[in-house]
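This report concerns only the one structure given below.
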Amino acid sequence: MEFIKQNVFLVVITVVSGAMLIAELLRGRSGAGGLTPVEATLLINRENAIVLDVRDASEFATGHLPNARNIPLIDLEKRASELSKFKSKPIIVVCQTGARSNRALATLKAAGLEKAYNLTGGLALWRKDNLPVVKS
């Protein structure tokens with residue numbers, strides 16, 4: 001107890017860092033479905049994954065992954081049925097940074113598309129890794 005009183009700052013840092021590690025582990029196991037660009041490429045090549053871009057049409061036109069389909073996040077809930085024919089295939093959801101696509105996962109899972117994955121880092125990381133982008 002005396003040690004804790006004399007080293008409050010160190011104890012607080014230890015507890016906070018431990019909590020952050022546990023939170024990260026739990027988030028990783030929760031099925032958030034994050035893929036790196038390399039993992040996404042493998043999924044596209046090996047399992048013929050569908051790429052779904054949830055950015056606005058104007059953003060999509062500036063550049064997107066090859067063969068990507070565009071359904072803006074705002075329309076996804078009412079248009080999710082368009083993807084029902086792909087229930088057996090993996091779906092990689094993409095946006096600019098990975099934030100919108102992460103939100104889109106919940107909508108897709110609710111629509112019964114269990115093989116949906118978020119492209120972590122989005123198109124920004126995809127481009128940073130010098131992977132192919134096409135313009136429409």
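By convention in this document, the chains of the structure tokens carry letters A, B, ... by their order, each chain's residues are numbered from 1, and ligands are numbered from 1 in the order they are shown.
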>> Report as a PyMOL selection string all protein, DNA and RNA residues lying within 6 Å of Gly122 in chain A, evaluated on only C-alpha atoms, omitting residues in the same chain fewer than 5 positions from it.
In response: chain A and resi 94-98
>> Quick one: residues within 6 Å of range 48-65 of chain A, only C-alpha atoms, excluding same-chain residues fewer than 6 positions away - as a ChimeraX atom specification?
In response: /A:71-73,89-95,133-136
> Could you write out, as a PyMOL selection string, all the residues of range 39-104 of chain A that DSSP marks as strand (DSSP E)?
Replying inline: chain A and resi 50-53+69-70+91-94
Go ahead and write the residues just picked, N, CA, C and O atoms, as a short mmCIF file (atom, residue, chain, number, x, y, z; two decimals), in the first residue's frame.
data_model
loop_
_atom_site.label_atom_id
_atom_site.label_comp_id
_atom_site.auth_asym_id
_atom_site.auth_seq_id
_atom_site.Cartn_x
_atom_site.Cartn_y
_atom_site.Cartn_z
N ILE A 50 -16.41 -9.52 -53.23
CA ILE A 50 -17.08 -8.35 -53.78
C ILE A 50 -16.55 -7.13 -53.04
O ILE A 50 -16.41 -7.15 -51.82
N VAL A 51 -16.27 -6.06 -53.78
CA VAL A 51 -15.80 -4.82 -53.16
C VAL A 51 -16.96 -3.83 -53.20
O VAL A 51 -17.50 -3.53 -54.26
N LEU A 52 -17.34 -3.33 -52.03
CA LEU A 52 -18.44 -2.38 -51.90
C LEU A 52 -17.88 -1.06 -51.38
O LEU A 52 -17.36 -0.99 -50.27
N ASP A 53 -18.00 -0.02 -52.18
CA ASP A 53 -17.53 1.31 -51.81
C ASP A 53 -18.73 2.10 -51.29
O ASP A 53 -19.71 2.28 -52.00
N ARG A 69 -18.32 -1.86 -56.42
CA ARG A 69 -19.70 -1.41 -56.58
C ARG A 69 -19.89 -0.25 -55.62
O ARG A 69 -19.35 -0.27 -54.53
N ASN A 70 -20.68 0.73 -56.03
CA ASN A 70 -20.89 1.91 -55.19
C ASN A 70 -22.32 1.97 -54.68
O ASN A 70 -23.26 2.05 -55.45
N ILE A 91 -17.55 -9.89 -48.68
CA ILE A 91 -17.75 -8.52 -49.15
C ILE A 91 -16.77 -7.63 -48.40
O ILE A 91 -16.75 -7.62 -47.17
N ILE A 92 -15.98 -6.88 -49.15
CA ILE A 92 -15.01 -5.95 -48.55
C ILE A 92 -15.60 -4.56 -48.70
O ILE A 92 -15.85 -4.09 -49.80
N VAL A 93 -15.84 -3.91 -47.56
CA VAL A 93 -16.46 -2.59 -47.55
C VAL A 93 -15.37 -1.54 -47.45
O VAL A 93 -14.49 -1.62 -46.60
N VAL A 94 -15.45 -0.53 -48.34
CA VAL A 94 -14.40 0.47 -48.47
C VAL A 94 -15.00 1.87 -48.39
O VAL A 94 -16.08 2.12 -48.91
#
>> From the options A:Ile22, A:Leu76, A:Leu125, A:Ala68, which residue's atoms come nearest to Ile44 in chain A, counting only C-alpha atoms?
In response: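 Of A:Ile22, A:Leu76, A:Leu125, A:Ala68, the one nearest Ile44 in chain A is A:Ala68, counting only C-alpha atoms.
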